[in-house]
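Structure data follow from coords.tsv (TSV, C-alpha atoms):
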chain	number	residue	atom	x	y	z
A	22	MET	CA	0.11	19.44	-9.22
A	23	ASP	CA	0.76	16.92	-11.96
A	24	LEU	CA	0.11	13.32	-10.92
A	25	ILE	CA	3.08	11.58	-12.54
A	26	GLN	CA	5.51	14.35	-11.66
A	27	SER	CA	4.34	14.30	-8.07
A	28	ILE	CA	4.71	10.53	-7.71
A	29	LYS	CA	8.19	10.80	-9.23
A	30	GLU	CA	9.20	13.65	-6.93
A	31	ARG	CA	7.71	12.25	-3.72
A	32	ARG	CA	10.44	11.65	-1.19
A	33	SER	CA	10.65	10.61	2.43
A	34	ILE	CA	11.61	13.83	4.15
A	35	ASN	CA	14.00	13.76	7.11
A	36	PHE	CA	13.79	17.39	8.16
A	37	PHE	CA	10.46	18.88	9.03
A	38	GLU	CA	9.78	22.50	9.89
A	39	PRO	CA	8.92	22.25	13.58
A	40	ASP	CA	6.19	24.25	15.29
A	41	VAL	CA	4.05	24.57	12.18
A	42	GLU	CA	0.53	23.34	12.61
A	43	ILE	CA	-1.51	21.68	9.89
A	44	PRO	CA	-5.05	23.09	10.06
A	45	ASP	CA	-7.64	20.49	11.05
A	46	GLU	CA	-9.53	20.99	7.79
A	47	LYS	CA	-6.42	20.01	5.85
A	48	ILE	CA	-5.92	16.90	7.98
A	49	ASN	CA	-9.53	15.93	7.40
A	50	GLU	CA	-9.20	16.53	3.68
A	51	LEU	CA	-6.06	14.39	3.58
A	52	ILE	CA	-7.72	11.49	5.38
A	53	SER	CA	-10.86	11.78	3.24
A	54	ILE	CA	-8.85	11.54	0.02
A	55	ALA	CA	-6.68	8.68	1.30
A	56	ASN	CA	-9.88	6.91	2.33
A	57	LEU	CA	-10.80	6.55	-1.35
A	58	ALA	CA	-8.12	3.84	-1.67
A	59	PRO	CA	-9.49	0.55	-2.96
A	60	SER	CA	-9.70	-2.37	-0.56
A	61	SER	CA	-10.49	-6.08	-0.57
A	62	PHE	CA	-14.24	-6.32	-1.18
A	63	ASN	CA	-14.35	-2.67	-0.10
A	64	LEU	CA	-13.86	-3.76	3.54
A	65	GLN	CA	-11.57	-0.80	4.43
A	66	PRO	CA	-9.79	-2.41	7.39
A	67	TRP	CA	-7.83	0.68	8.37
A	68	LYS	CA	-7.84	3.13	11.24
A	69	VAL	CA	-5.63	6.09	12.00
A	70	ILE	CA	-4.53	8.00	15.07
A	71	VAL	CA	-3.45	11.55	14.27
A	72	VAL	CA	-0.89	12.74	16.80
A	73	LYS	CA	-0.62	16.50	16.69
A	74	GLU	CA	-0.31	17.58	20.29
A	75	LYS	CA	3.28	18.42	21.30
A	76	LYS	CA	3.43	16.18	24.39
A	77	ARG	CA	1.89	13.26	22.56
A	78	LYS	CA	4.41	13.61	19.72
A	79	LYS	CA	7.16	13.59	22.37
A	80	ALA	CA	5.73	10.33	23.69
A	81	LEU	CA	5.75	8.92	20.19
A	82	ARG	CA	9.34	10.05	19.69
A	83	ARG	CA	10.31	8.09	22.81
A	84	CYS	CA	8.75	4.99	21.24
A	85	ALA	CA	10.54	5.69	17.93
A	86	PHE	CA	14.16	5.38	19.03
A	87	ASP	CA	14.25	9.12	19.72
A	88	GLN	CA	13.97	10.08	16.05
A	89	PRO	CA	13.47	13.86	15.86
A	90	LYS	CA	10.98	13.66	12.98
A	91	ALA	CA	8.43	11.95	15.23
A	92	GLU	CA	8.30	15.19	17.19
A	93	GLU	CA	9.23	17.79	14.58
A	94	ALA	CA	6.71	16.78	11.93
A	95	SER	CA	3.48	18.74	12.27
A	96	ALA	CA	1.55	15.52	12.81
A	97	VAL	CA	2.36	11.84	12.96
A	98	PHE	CA	-0.24	9.38	11.72
A	99	ILE	CA	-0.29	5.99	13.41
A	100	ILE	CA	-1.61	3.63	10.72
A	101	ILE	CA	-3.58	0.72	12.11
A	102	ALA	CA	-4.52	-2.43	10.20
A	103	ASP	CA	-7.60	-4.04	11.66
A	104	PRO	CA	-8.04	-7.78	11.04
A	105	GLU	CA	-11.58	-7.39	12.39
A	106	GLY	CA	-12.44	-5.19	9.38
A	107	VAL	CA	-14.27	-8.13	7.82
A	108	GLU	CA	-16.74	-8.49	10.69
A	109	LEU	CA	-17.04	-4.73	11.23
A	110	ASN	CA	-17.79	-3.74	7.66
A	111	ARG	CA	-19.04	-6.79	5.75
A	112	GLU	CA	-22.78	-6.25	6.19
A	113	ARG	CA	-22.52	-2.54	5.46
A	114	VAL	CA	-20.65	-3.26	2.25
A	115	LEU	CA	-23.31	-5.79	1.23
A	116	ASP	CA	-26.13	-3.39	2.17
A	117	SER	CA	-24.57	-0.73	0.01
A	118	TRP	CA	-24.19	-3.17	-2.91
A	119	ALA	CA	-27.83	-4.19	-2.53
A	120	GLU	CA	-28.91	-0.53	-2.54
A	121	LEU	CA	-26.90	0.15	-5.67
A	122	GLY	CA	-28.34	-2.93	-7.36
A	123	TYR	CA	-25.05	-4.87	-7.56
A	124	ILE	CA	-26.64	-7.60	-5.45
A	125	LYS	CA	-30.01	-8.72	-6.76
A	126	ASN	CA	-31.17	-11.26	-4.19
A	127	ASP	CA	-30.39	-13.13	-0.99
A	128	GLN	CA	-28.64	-15.91	-2.86
A	129	GLN	CA	-26.10	-13.47	-4.30
A	130	ARG	CA	-25.63	-11.89	-0.91
A	131	LEU	CA	-24.88	-15.28	0.62
A	132	MET	CA	-22.43	-16.02	-2.18
A	133	TYR	CA	-20.47	-12.83	-1.49
A	134	GLN	CA	-20.52	-13.45	2.27
A	135	GLY	CA	-19.19	-16.93	1.64
A	136	MET	CA	-16.43	-15.61	-0.63
A	137	MET	CA	-15.25	-13.05	1.93
A	138	ASN	CA	-15.23	-15.64	4.68
A	139	LYS	CA	-13.34	-18.09	2.51
A	140	LEU	CA	-10.77	-15.60	1.20
A	141	TYR	CA	-10.01	-13.91	4.51
A	142	GLY	CA	-10.13	-16.83	6.95
A	143	GLU	CA	-10.52	-16.68	10.71
A	144	LYS	CA	-10.01	-13.49	12.71
A	145	ASP	CA	-6.58	-14.46	14.04
A	146	SER	CA	-5.25	-16.29	10.98
A	147	LEU	CA	-2.21	-15.27	8.92
A	148	THR	CA	-4.51	-14.75	5.92
A	149	ARG	CA	-6.55	-12.27	7.90
A	150	LYS	CA	-3.47	-10.38	9.09
A	151	ILE	CA	-2.21	-10.13	5.51
A	152	PHE	CA	-5.64	-8.90	4.43
A	153	ALA	CA	-5.51	-6.13	7.05
A	154	VAL	CA	-1.92	-5.07	6.37
A	155	LYS	CA	-2.19	-4.94	2.59
A	156	ASN	CA	-5.29	-2.78	2.66
A	157	ALA	CA	-4.02	-0.43	5.37
A	158	SER	CA	-0.89	-0.02	3.25
A	159	LEU	CA	-2.92	0.92	0.17
A	160	PHE	CA	-4.54	3.57	2.36
A	161	ALA	CA	-1.08	4.68	3.59
A	162	MET	CA	0.38	5.07	0.10
A	163	ASN	CA	-2.69	6.94	-1.08
A	164	LEU	CA	-2.25	9.24	1.90
A	165	MET	CA	1.42	9.89	1.10
A	166	ASN	CA	0.62	10.66	-2.52
A	167	ALA	CA	-2.36	12.85	-1.65
A	168	ALA	CA	-0.33	14.79	0.92
A	169	ARG	CA	1.80	16.34	-1.81
A	170	GLY	CA	-1.27	17.73	-3.53
A	171	LEU	CA	-2.06	19.52	-0.27
A	172	GLY	CA	1.44	21.00	-0.01
A	173	LEU	CA	2.60	18.48	2.59
A	174	GLU	CA	5.55	16.11	2.75
A	175	THR	CA	5.72	12.75	4.50
A	176	HIS	CA	8.01	10.09	5.88
A	177	PRO	CA	6.76	6.53	6.52
A	178	MET	CA	8.45	5.17	9.65
A	179	ASP	CA	9.14	1.58	10.63
A	180	GLY	CA	11.66	2.42	13.33
A	181	PHE	CA	9.51	2.22	16.46
A	182	GLU	CA	8.89	-0.17	19.32
A	183	VAL	CA	5.50	-1.70	18.71
A	184	ALA	CA	4.86	-2.51	22.39
A	185	CYS	CA	5.64	1.07	23.38
A	186	VAL	CA	3.25	2.57	20.80
A	187	ARG	CA	0.54	0.07	21.78
A	188	LYS	CA	0.82	0.99	25.43
A	189	GLU	CA	1.17	4.74	25.00
A	190	PHE	CA	-1.73	5.00	22.56
A	191	ASP	CA	-3.88	2.18	23.91
A	192	ILE	CA	-3.92	0.04	20.77
A	193	PRO	CA	-5.21	-3.50	21.40
A	194	ASP	CA	-3.01	-6.50	20.66
A	195	ASP	CA	-5.21	-7.78	17.85
A	196	LYS	CA	-4.57	-4.65	15.75
A	197	ILE	CA	-1.41	-4.36	13.63
A	198	ILE	CA	0.61	-1.15	13.28
A	199	PRO	CA	2.24	-1.39	9.84
A	200	MET	CA	3.84	2.06	10.02
A	201	LEU	CA	3.81	5.59	11.33
A	202	ILE	CA	3.70	8.42	8.81
A	203	ALA	CA	5.27	11.75	9.73
A	204	VAL	CA	3.44	14.55	7.92
A	205	GLY	CA	4.43	18.19	7.67
A	206	TYR	CA	6.48	20.75	5.81
A	207	LEU	CA	10.06	20.52	4.61
A	208	LYS	CA	12.33	22.51	6.92
A	209	LYS	CA	13.43	25.83	5.46
A	210	GLY	CA	16.92	25.69	3.98
A	211	LYS	CA	16.83	21.90	3.70
A	212	SER	CA	16.25	19.85	0.59
A	213	ALA	CA	15.59	16.15	0.13
A	214	LEU	CA	18.74	14.04	0.22
A	215	PRO	CA	19.74	12.43	-3.09
A	216	ARG	CA	17.72	9.33	-3.87
A	217	ALA	CA	19.41	6.08	-2.87
A	218	PHE	CA	19.53	2.72	-4.69
A	219	ARG	CA	16.57	1.50	-6.74
A	220	ARG	CA	16.68	-1.82	-8.57
A	221	ASP	CA	16.49	-1.81	-12.33
A	222	ILE	CA	12.97	-2.97	-13.17
A	223	GLU	CA	14.29	-5.92	-15.18
A	224	GLU	CA	15.62	-7.39	-11.95
A	225	PHE	CA	12.19	-7.88	-10.40
A	226	THR	CA	9.86	-8.02	-13.42
A	227	ARG	CA	8.95	-11.22	-15.23
A	228	ARG	CA	6.99	-11.02	-18.45
A	229	GLU	CA	4.43	-13.47	-19.71
A	230	TYR	CA	3.99	-11.95	-23.16
B	22	MET	CA	-3.57	15.12	-14.90
B	23	ASP	CA	-4.12	16.74	-11.52
B	24	LEU	CA	-2.89	14.66	-8.59
B	25	ILE	CA	-5.74	15.17	-6.14
B	26	GLN	CA	-8.43	14.96	-8.79
B	27	SER	CA	-6.93	11.75	-10.10
B	28	ILE	CA	-6.77	10.10	-6.67
B	29	LYS	CA	-10.37	11.14	-6.08
B	30	GLU	CA	-11.53	9.82	-9.42
B	31	ARG	CA	-9.59	6.55	-9.42
B	32	ARG	CA	-11.98	3.64	-9.46
B	33	SER	CA	-11.69	-0.12	-9.75
B	34	ILE	CA	-12.92	-0.75	-13.27
B	35	ASN	CA	-14.97	-3.86	-14.02
B	36	PHE	CA	-15.17	-3.59	-17.79
B	37	PHE	CA	-11.98	-3.44	-19.79
B	38	GLU	CA	-11.72	-2.95	-23.53
B	39	PRO	CA	-10.49	-6.37	-24.66
B	40	ASP	CA	-7.92	-6.91	-27.40
B	41	VAL	CA	-6.13	-3.62	-26.79
B	42	GLU	CA	-2.45	-3.99	-26.11
B	43	ILE	CA	-0.47	-1.73	-23.80
B	44	PRO	CA	2.84	-0.92	-25.50
B	45	ASP	CA	5.83	-2.39	-23.69
B	46	GLU	CA	7.34	1.07	-23.19
B	47	LYS	CA	4.23	2.14	-21.31
B	48	ILE	CA	4.34	-0.96	-19.10
B	49	ASN	CA	7.98	-0.26	-18.35
B	50	GLU	CA	7.23	3.36	-17.56
B	51	LEU	CA	4.41	2.32	-15.24
B	52	ILE	CA	6.61	-0.12	-13.32
B	53	SER	CA	9.45	2.40	-13.13
B	54	ILE	CA	7.22	5.05	-11.59
B	55	ALA	CA	5.57	2.60	-9.16
B	56	ASN	CA	9.06	1.47	-8.18
B	57	LEU	CA	9.66	4.91	-6.64
B	58	ALA	CA	7.37	3.93	-3.76
B	59	PRO	CA	9.03	4.21	-0.35
B	60	SER	CA	9.85	1.01	1.51
B	61	SER	CA	11.11	-0.12	4.90
B	62	PHE	CA	14.79	0.86	5.00
B	63	ASN	CA	14.51	1.11	1.20
B	64	LEU	CA	14.51	-2.71	0.99
B	65	GLN	CA	11.95	-2.86	-1.86
B	66	PRO	CA	10.68	-6.40	-1.23
B	67	TRP	CA	8.42	-6.55	-4.28
B	68	LYS	CA	8.37	-8.38	-7.58
B	69	VAL	CA	5.88	-8.38	-10.39
B	70	ILE	CA	4.81	-10.76	-13.15
B	71	VAL	CA	3.21	-8.96	-16.08
B	72	VAL	CA	0.76	-11.26	-17.82
B	73	LYS	CA	-0.02	-9.92	-21.28
B	74	GLU	CA	-0.14	-12.95	-23.53
B	75	LYS	CA	-3.71	-14.10	-24.32
B	76	LYS	CA	-3.27	-17.74	-23.31
B	77	ARG	CA	-1.54	-16.83	-20.09
B	78	LYS	CA	-4.33	-14.41	-19.17
B	79	LYS	CA	-6.79	-17.22	-19.84
B	80	ALA	CA	-4.82	-19.38	-17.40
B	81	LEU	CA	-4.97	-16.59	-14.84
B	82	ARG	CA	-8.71	-16.22	-15.39
B	83	ARG	CA	-9.13	-19.92	-14.58
B	84	CYS	CA	-7.32	-19.29	-11.27
B	85	ALA	CA	-9.49	-16.22	-10.61
B	86	PHE	CA	-12.93	-17.82	-10.36
B	87	ASP	CA	-13.44	-17.21	-14.08
B	88	GLN	CA	-13.63	-13.43	-13.72
B	89	PRO	CA	-13.66	-11.92	-17.24
B	90	LYS	CA	-11.44	-8.98	-16.26
B	91	ALA	CA	-8.49	-11.32	-15.69
B	92	GLU	CA	-8.60	-12.02	-19.42
B	93	GLU	CA	-10.10	-8.83	-20.84
B	94	ALA	CA	-7.73	-6.38	-19.20
B	95	SER	CA	-4.77	-5.59	-21.44
B	96	ALA	CA	-2.40	-6.93	-18.80
B	97	VAL	CA	-2.68	-8.41	-15.35
B	98	PHE	CA	0.09	-7.73	-12.86
B	99	ILE	CA	0.75	-10.44	-10.30
B	100	ILE	CA	2.10	-8.55	-7.29
B	101	ILE	CA	4.58	-10.57	-5.23
B	102	ALA	CA	5.73	-9.72	-1.71
B	103	ASP	CA	9.13	-11.22	-1.00
B	104	PRO	CA	10.01	-11.84	2.65
B	105	GLU	CA	13.56	-12.50	1.48
B	106	GLY	CA	13.86	-8.85	0.41
B	107	VAL	CA	15.89	-8.13	3.53
B	108	GLU	CA	18.65	-10.60	2.62
B	109	LEU	CA	18.51	-9.78	-1.10
B	110	ASN	CA	18.76	-6.02	-0.84
B	111	ARG	CA	20.23	-5.10	2.56
B	112	GLU	CA	23.87	-4.84	1.56
B	113	ARG	CA	23.06	-2.94	-1.62
B	114	VAL	CA	21.01	-0.43	0.35
B	115	LEU	CA	23.87	0.01	2.81
B	116	ASP	CA	26.44	0.33	-0.02
B	117	SER	CA	24.33	3.03	-1.60
B	118	TRP	CA	24.01	4.88	1.73
B	119	ALA	CA	27.77	4.67	2.20
B	120	GLU	CA	28.35	6.05	-1.31
B	121	LEU	CA	25.97	8.93	-0.66
B	122	GLY	CA	27.65	9.67	2.66
B	123	TYR	CA	24.64	8.75	4.86
B	124	ILE	CA	26.77	6.08	6.51
B	125	LYS	CA	30.12	7.39	7.71
B	126	ASN	CA	31.83	4.28	9.06
B	127	ASP	CA	31.60	0.55	9.75
B	128	GLN	CA	30.08	1.11	13.16
B	129	GLN	CA	27.13	2.96	11.64
B	130	ARG	CA	26.77	0.25	9.02
B	131	LEU	CA	26.62	-2.41	11.73
B	132	MET	CA	24.05	-0.38	13.62
B	133	TYR	CA	21.74	-0.21	10.59
B	134	GLN	CA	22.23	-3.91	9.84
B	135	GLY	CA	21.30	-4.69	13.42
B	136	MET	CA	18.21	-2.49	13.25
B	137	MET	CA	16.94	-4.16	10.09
B	138	ASN	CA	17.52	-7.61	11.53
B	139	LYS	CA	15.77	-6.67	14.75
B	140	LEU	CA	12.81	-4.93	13.13
B	141	TYR	CA	12.13	-7.56	10.47
B	142	GLY	CA	12.84	-10.80	12.30
B	143	GLU	CA	13.56	-14.21	10.85
B	144	LYS	CA	12.84	-15.05	7.23
B	145	ASP	CA	9.71	-17.09	7.96
B	146	SER	CA	8.35	-15.01	10.86
B	147	LEU	CA	5.03	-13.17	10.91
B	148	THR	CA	6.95	-9.88	11.28
B	149	ARG	CA	8.82	-10.62	8.08
B	150	LYS	CA	5.65	-11.50	6.18
B	151	ILE	CA	4.04	-8.26	7.32
B	152	PHE	CA	7.17	-6.37	6.23
B	153	ALA	CA	6.91	-7.90	2.74
B	154	VAL	CA	3.16	-7.39	2.32
B	155	LYS	CA	3.07	-3.79	3.50
B	156	ASN	CA	5.84	-2.71	1.17
B	157	ALA	CA	4.53	-4.63	-1.84
B	158	SER	CA	1.19	-2.92	-1.19
B	159	LEU	CA	2.78	0.53	-1.18
B	160	PHE	CA	4.24	-0.40	-4.58
B	161	ALA	CA	0.80	-1.64	-5.72
B	162	MET	CA	-1.02	1.57	-4.73
B	163	ASN	CA	1.65	3.71	-6.34
B	164	LEU	CA	1.19	1.64	-9.50
B	165	MET	CA	-2.59	2.11	-9.47
B	166	ASN	CA	-2.25	5.85	-9.00
B	167	ALA	CA	0.49	6.18	-11.63
B	168	ALA	CA	-1.54	4.17	-14.14
B	169	ARG	CA	-4.12	6.94	-14.43
B	170	GLY	CA	-1.43	9.42	-15.41
B	171	LEU	CA	-0.58	7.10	-18.30
B	172	GLY	CA	-4.20	6.87	-19.43
B	173	LEU	CA	-4.78	3.45	-17.89
B	174	GLU	CA	-7.36	2.11	-15.47
B	175	THR	CA	-6.91	-0.68	-12.95
B	176	HIS	CA	-8.69	-3.16	-10.71
B	177	PRO	CA	-6.93	-4.78	-7.75
B	178	MET	CA	-8.12	-8.37	-7.41
B	179	ASP	CA	-8.23	-10.60	-4.35
B	180	GLY	CA	-10.56	-13.18	-5.83
B	181	PHE	CA	-8.15	-15.87	-6.94
B	182	GLU	CA	-6.96	-19.27	-5.79
B	183	VAL	CA	-3.47	-18.76	-4.46
B	184	ALA	CA	-2.38	-22.37	-5.04
B	185	CYS	CA	-3.53	-22.19	-8.66
B	186	VAL	CA	-1.61	-18.95	-9.39
B	187	ARG	CA	1.48	-20.35	-7.64
B	188	LYS	CA	1.43	-23.48	-9.75
B	189	GLU	CA	0.55	-21.87	-13.07
B	190	PHE	CA	3.14	-19.10	-12.70
B	191	ASP	CA	5.76	-21.03	-10.76
B	192	ILE	CA	5.80	-18.82	-7.65
B	193	PRO	CA	7.60	-20.44	-4.69
B	194	ASP	CA	5.75	-21.06	-1.44
B	195	ASP	CA	7.83	-18.57	0.53
B	196	LYS	CA	6.58	-15.64	-1.60
B	197	ILE	CA	3.24	-13.98	-0.84
B	198	ILE	CA	0.79	-12.85	-3.52
B	199	PRO	CA	-1.11	-9.95	-1.94
B	200	MET	CA	-3.13	-9.16	-5.07
B	201	LEU	CA	-3.45	-9.20	-8.83
B	202	ILE	CA	-3.94	-5.89	-10.60
B	203	ALA	CA	-5.85	-5.83	-13.88
B	204	VAL	CA	-4.57	-2.95	-16.03
B	205	GLY	CA	-6.08	-1.62	-19.22
B	206	TYR	CA	-8.61	0.72	-20.78
B	207	LEU	CA	-12.24	1.27	-19.82
B	208	LYS	CA	-14.53	-0.50	-22.29
B	209	LYS	CA	-16.21	1.83	-24.77
B	210	GLY	CA	-19.76	2.68	-23.79
B	211	LYS	CA	-19.19	1.68	-20.15
B	212	SER	CA	-18.64	3.97	-17.22
B	213	ALA	CA	-17.54	3.24	-13.67
B	214	LEU	CA	-20.36	2.04	-11.43
B	215	PRO	CA	-21.45	4.42	-8.65
B	216	ARG	CA	-19.10	4.38	-5.69
B	217	ALA	CA	-20.24	2.14	-2.85
B	218	PHE	CA	-20.07	2.70	0.92
B	219	ARG	CA	-17.17	4.58	2.51
B	220	ARG	CA	-16.98	5.16	6.25
B	221	ASP	CA	-17.16	8.69	7.54
B	222	ILE	CA	-13.60	9.56	8.59
B	223	GLU	CA	-14.70	10.27	12.16
B	224	GLU	CA	-15.51	6.58	12.54
B	225	PHE	CA	-11.93	5.44	12.12
B	226	THR	CA	-9.90	8.51	13.08
B	227	ARG	CA	-8.74	9.23	16.62
B	228	ARG	CA	-7.13	12.56	17.37
B	229	GLU	CA	-4.37	13.27	19.85
B	230	TYR	CA	-4.48	17.04	19.59
Step by step, read the file and then write its structure as structure tokens.
Amino acid sequence: MDLIQSIKERRSINFFEPDVEIPDEKINELISIANLAPSSFNLQPWKVIVVKEKKRKKALRRCAFDQPKAEEASAVFIIIADPEGVELNRERVLDSWAELGYIKNDQQRLMYQGMMNKLYGEKDSLTRKIFAVKNASLFAMNLMNAARGLGLETHPMDGFEVACVRKEFDIPDDKIIPMLIAVGYLKKGKSALPRAFRRDIEEFTRREY
Amino acid sequence: MDLIQSIKERRSINFFEPDVEIPDEKINELISIANLAPSSFNLQPWKVIVVKEKKRKKALRRCAFDQPKAEEASAVFIIIADPEGVELNRERVLDSWAELGYIKNDQQRLMYQGMMNKLYGEKDSLTRKIFAVKNASLFAMNLMNAARGLGLETHPMDGFEVACVRKEFDIPDDKIIPMLIAVGYLKKGKSALPRAFRRDIEEFTRREY
């Protein structure tokens, strides 16, 4: 599938073919490709819960203002942004840079540690939350683009009660849930609705030429 | 260019061919394609400043801990997340839904207005900031993926002093700058460095099968 054409044709699908399963290998492939998204200092502060079981999708639907797609999509991905990603992954990132020769000595390692700590603040700061959300969203968009190459369609969902999803899926309060992504196949006989309003790029683009 | 292959091969490039200009038409095409990213209720709370002029890139480099790529890349995109996107775009989104027949009457319109207000909180709330950052990041990832289809490479940058970029480029305090994206061409004779650490997907994936 052509990259540009696919990005242009990607749409948020409202009608999924129910009762079609995505094979586990395909789900794994999708997550593996999405996982190649870039992230701040390669810290990868994202997690995902893949909800595929019928009863669990029903539970998610109840948390999502009863939207049918939460149940009808083959799987719903709960995207989690983890502000603790810095502490969890920092040393592994630095180890890997040392192995690859990007870090030459302890002084450089300390410099990078210092930079991460300075840029991403304390664990419960606004800076840290923004760090987690932006990177988890890069992962999410990569996942939505990659899905099309695997014959899947998606719909990112904001319409859910955070407290309900936290409780039902046991997600601690310090994690952020930027979105759910319904993943599956377009329902037979349905097509994507016409695209709604997009701003002209001149409205939001400033040029420093 | 194949979608999946391109997502797999996308890398954050450290060495850009300096003194190569990206034609304006290509920059416009890139922004137009990125602009097809999905967003919360289609509210599109992103803006972008394209820094292409040599002196302005030098100014950006000074704000970015003197990183050469801020100057050597053909253009650097300052990605802006706008918490005010709800107020700016809500009525236009609803008008467009009414035109397309997705909203049938005033009652439905009020319902959607209420949902947006409830989900995205007050203009200066954490919820609203997260709303802005997640959507601007979807735009950013779409832009990085689309770039490759136009023969361009990118590098998302977190290493910059926010206050410096705000002042130099006159960005108000209520806007968030989730990242800069250097855009250009890989320097001749250079290749991407080997990929560093990625977590095994089992480490961050939970399954509700």
For this session: Using all atoms listed in the file, select each residue of chain A with any atom at most 7 Å away from an atom of chain B, and give the selection as number ranges by chain.
Result: A: 22-25, 29, 52-54, 57, 61, 68-74, 77, 114, 117-118, 151, 154-155, 158-159, 162-163, 167, 170, 179, 199, 217-218, 222, 225-230
Problem set entry | CA of Asp145 (chain A) to CA of Leu131 (chain A), distance in Å rounded to a single decimal |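 CA of Asp145 (chain A) sits 22.7 Å away from CA of Leu131 (chain A).
The space separating CA of Gly122 (chain B) from CA of Ala213 (chain A) comes to 13.9 Å.
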Problem set entry | CA of Arg83 (chain B) to CA of Thr175 (chain B), straight-line distance in Å |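 Atom-to-atom, CA of Thr175 (chain B) to CA of Arg83 (chain B), that is 19.4 Å.
Of the listed residues (A:Lys47, A:Arg187, A:Lys144, A:Lys211), A:Lys144 comes nearest to Val107 (chain A); the distances count all atoms listed in the file.
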